[in-house]
Amino acid sequence: MDGRKTMGLKSLIICAAIAGLAVVQTLPSTEPGKPRVQEEIFGFPADEQISYYLQNARNRTPIFVPGKCADNEILYPGDHESDWVCDCRPGHVYYPQMNKCYPLFMQGFCKPGEYVDVMRPSMIVNCTTNVCSGQNMVPYDGKCVELNRHNRICKRVGRVYWVIGVNATTLELGCVPPDATTMLHRVNGEEGEDEEPIQFEGANRCSNGTRTKYEGLC
Ligand SMILES: *[C@@H]1O[C@H](CO)[C@@H](O)[C@H](O)[C@H]1NC(C)=O
Ligand SMILES: *[C@@H]1O[C@H](CO)[C@@H](O)[C@H](O)[C@H]1NC(C)=O
Ligand SMILES: *[C@@H]1O[C@H](CO)[C@@H](O)[C@H](O)[C@H]1NC(C)=O
């Protein structure tokens, strides 16, 4: 009986392997690194590129897909194999009064001359008077610096200049890699049909500032 079970399992594994092979073979790549999905497999005739990312249970990195979530939100893997949940992008905070996510250190829902901030240790989102003036200027380390710019302060890694931005873990200003921000600008600028979703490696739905965290669902 045990033997038969093992046999059954073995043939199941072999079947799965063959099925997996068949699926892999029906995924021709038009460009290297850009997997394509035929609509017969998953039945998504529209934006097949995006469907690939959303259907693929192995790919559980948070992603930005144009038009899927509200402003300043990205998709995070949900609790089940293939569900996705919208929540605030890294460096953004959920403001319940407006039921929206806002970028920290920008005016957002605040009055001119103020920026969105978090009170500590309560982590309640509120407005803070900006002691710096000028577009995108914020106080950092006793100086006024421009948000999302290198400011001759941050390091350079290879050819990439890090910028003053929001550290998604601490929700404080610091030097951060520019990737996510610049990539989002690229997408917003192009509105391309065949645009590949932007991956937010390391983003966490339960970071301070998210709606999930605010609602105590972590
Ligand atoms: C979130 O905020 C609280 C309160 O400021 C802090 O104690 C905690 O360390 C923060 N969590 C993370 C992951 O940084
Ligand atoms: C938010 O800021 C306003 C104006 O500074 C202040 O009156 C209010 O107490 C603050 N709320 C919290 C929860 O910190
Ligand atoms: C954000 O802050 C944490 C805690 O200070 C630090 O470990 C991390 O390296 C910072 N992230 C970046 C991108 O600098």
# chains A, B, ... in the order shown; residues from 1 in each chain; ligands from 1
$ residues_near_ligand --ligand "ligand 1" --cutoff "8 Å" --atoms "only C-alpha atoms and all ligand atoms" --output "PyMOL selection string"
chain A and resi 120-123+169-171+207-208
$ residues_near_ligand --ligand "ligand 2" --cutoff "12 Å" --atoms "only C-alpha atoms and all ligand atoms" --output "NGL selection string"
:A and (95 or 110-111 or 114-130)
$ residues_around --residues "segment 73-80 of chain A" --least-positions-apart "5" --cutoff "6 Å" --atoms "only C-alpha atoms" --output "number ranges by chain"
A: 60, 62-64, 85-89
$ write_last_selection --atoms "N, CA, C and O atoms" --output "tab-separated table (two decimals), in the first residue's frame"
chain	number	residue	atom	x	y	z
A	60	ARG	N	6.45	37.04	-6.52
A	60	ARG	CA	5.71	37.66	-5.43
A	60	ARG	C	6.34	38.97	-4.98
A	60	ARG	O	6.23	39.37	-3.83
A	62	PRO	N	6.34	42.95	-4.82
A	62	PRO	CA	5.38	44.04	-5.04
A	62	PRO	C	5.66	44.74	-6.36
A	62	PRO	O	6.82	44.90	-6.75
A	63	ILE	N	4.60	45.11	-7.06
A	63	ILE	CA	4.79	45.74	-8.36
A	63	ILE	C	3.88	46.95	-8.55
A	63	ILE	O	2.83	47.05	-7.91
A	64	PHE	N	4.32	47.82	-9.43
A	64	PHE	CA	3.46	48.93	-9.87
A	64	PHE	C	2.97	48.61	-11.27
A	64	PHE	O	3.78	48.36	-12.16
A	85	VAL	N	-2.98	43.02	-3.44
A	85	VAL	CA	-3.66	44.04	-2.66
A	85	VAL	C	-2.98	45.39	-2.91
A	85	VAL	O	-1.76	45.48	-2.91
A	86	CYS	N	-3.80	46.42	-3.12
A	86	CYS	CA	-3.24	47.77	-3.28
A	86	CYS	C	-2.93	48.36	-1.91
A	86	CYS	O	-3.73	48.25	-0.99
A	87	ASP	N	-1.78	48.98	-1.80
A	87	ASP	CA	-1.45	49.72	-0.58
A	87	ASP	C	-0.38	50.76	-0.92
A	87	ASP	O	0.12	50.79	-2.05
A	88	CYS	N	-0.07	51.62	0.06
A	88	CYS	CA	0.84	52.73	-0.18
A	88	CYS	C	2.20	52.26	-0.70
A	88	CYS	O	2.74	51.25	-0.22
A	89	ARG	N	2.74	53.04	-1.62
A	89	ARG	CA	4.11	52.81	-2.08
A	89	ARG	C	5.07	53.04	-0.93
A	89	ARG	O	4.77	53.80	0.00
$ residues_near_ligand --ligand "ligand 3" --cutoff "9 Å" --atoms "only C-alpha atoms and all ligand atoms" --output "number ranges by chain"
A: 162, 165-177
$ write_last_selection --atoms "N, CA, C and O atoms" --output "mmCIF file, in the first residue's frame"
data_model
loop_
_atom_site.group_PDB
_atom_site.id
_atom_site.type_symbol
_atom_site.label_atom_id
_atom_site.label_comp_id
_atom_site.auth_asym_id
_atom_site.auth_seq_id
_atom_site.Cartn_x
_atom_site.Cartn_y
_atom_site.Cartn_z
ATOM 1 N N TRP A 162 22.974 58.356 -5.405
ATOM 2 C CA TRP A 162 21.861 58.245 -4.477
ATOM 3 C C TRP A 162 21.300 59.648 -4.211
ATOM 4 O O TRP A 162 21.999 60.643 -4.426
ATOM 5 N N GLY A 165 15.909 61.195 0.001
ATOM 6 C CA GLY A 165 14.536 60.719 -0.151
ATOM 7 C C GLY A 165 14.085 60.068 1.140
ATOM 8 O O GLY A 165 14.810 60.084 2.142
ATOM 9 N N VAL A 166 12.916 59.496 1.096
ATOM 10 C CA VAL A 166 12.350 58.891 2.296
ATOM 11 C C VAL A 166 12.856 57.461 2.427
ATOM 12 O O VAL A 166 12.708 56.660 1.506
ATOM 13 N N ASN A 167 13.448 57.181 3.566
ATOM 14 C CA ASN A 167 13.811 55.809 3.883
ATOM 15 C C ASN A 167 12.521 55.075 4.254
ATOM 16 O O ASN A 167 11.847 55.436 5.222
ATOM 17 N N ALA A 168 12.190 54.065 3.480
ATOM 18 C CA ALA A 168 10.888 53.401 3.620
ATOM 19 C C ALA A 168 10.750 52.651 4.944
ATOM 20 O O ALA A 168 9.637 52.374 5.381
ATOM 21 N N THR A 169 11.867 52.351 5.571
ATOM 22 C CA THR A 169 11.812 51.650 6.860
ATOM 23 C C THR A 169 11.563 52.627 7.998
ATOM 24 O O THR A 169 10.674 52.442 8.818
ATOM 25 N N THR A 170 12.353 53.688 8.023
ATOM 26 C CA THR A 170 12.274 54.638 9.137
ATOM 27 C C THR A 170 11.269 55.763 8.863
ATOM 28 O O THR A 170 10.865 56.464 9.786
ATOM 29 N N LEU A 171 10.904 55.964 7.606
ATOM 30 C CA LEU A 171 10.061 57.074 7.152
ATOM 31 C C LEU A 171 10.698 58.419 7.474
ATOM 32 O O LEU A 171 10.018 59.420 7.674
ATOM 33 N N GLU A 172 12.032 58.423 7.540
ATOM 34 C CA GLU A 172 12.779 59.664 7.716
ATOM 35 C C GLU A 172 13.576 59.934 6.452
ATOM 36 O O GLU A 172 13.798 59.032 5.634
ATOM 37 N N LEU A 173 14.035 61.181 6.310
ATOM 38 C CA LEU A 173 14.854 61.513 5.154
ATOM 39 C C LEU A 173 16.230 60.895 5.293
ATOM 40 O O LEU A 173 16.776 60.810 6.387
ATOM 41 N N GLY A 174 16.773 60.484 4.186
ATOM 42 C CA GLY A 174 18.112 59.928 4.169
ATOM 43 C C GLY A 174 18.548 59.755 2.733
ATOM 44 O O GLY A 174 17.791 60.069 1.805
ATOM 45 N N CYS A 175 19.765 59.261 2.545
ATOM 46 C CA CYS A 175 20.222 58.973 1.197
ATOM 47 C C CYS A 175 19.697 57.595 0.784
ATOM 48 O O CYS A 175 19.884 56.618 1.496
ATOM 49 N N VAL A 176 19.012 57.556 -0.331
ATOM 50 C CA VAL A 176 18.416 56.305 -0.811
ATOM 51 C C VAL A 176 18.719 56.149 -2.297
ATOM 52 O O VAL A 176 18.952 57.139 -2.994
ATOM 53 N N PRO A 177 18.695 54.920 -2.788
ATOM 54 C CA PRO A 177 18.891 54.744 -4.232
ATOM 55 C C PRO A 177 17.715 55.367 -4.997
ATOM 56 O O PRO A 177 16.595 55.341 -4.489
#
$ residues_around --residues "Val163 of chain A" --least-positions-apart "3" --cutoff "10 Å" --atoms "only C-alpha atoms" --output "list in words"
Glu146, Leu147, Asn148, Arg149, His150, Asn151, Arg152, Ile153, Cys154, Lys155, Arg156, Val160, Val166, Leu173, Gly174, Cys175, Val176, Pro177, Pro178 and Asp179 of chain A
$ closest_residue --among "A:Gly108, A:Lys100, A:Glu81, A:Gly113" --to "Cys69 of chain A" --atoms "only C-alpha atoms"
A:Lys100
$ closest_residue --among "A:Gly209, A:Val65, A:Pro103, A:Gln97" --to "Glu196 of chain A" --atoms "only C-alpha atoms"
A:Val65
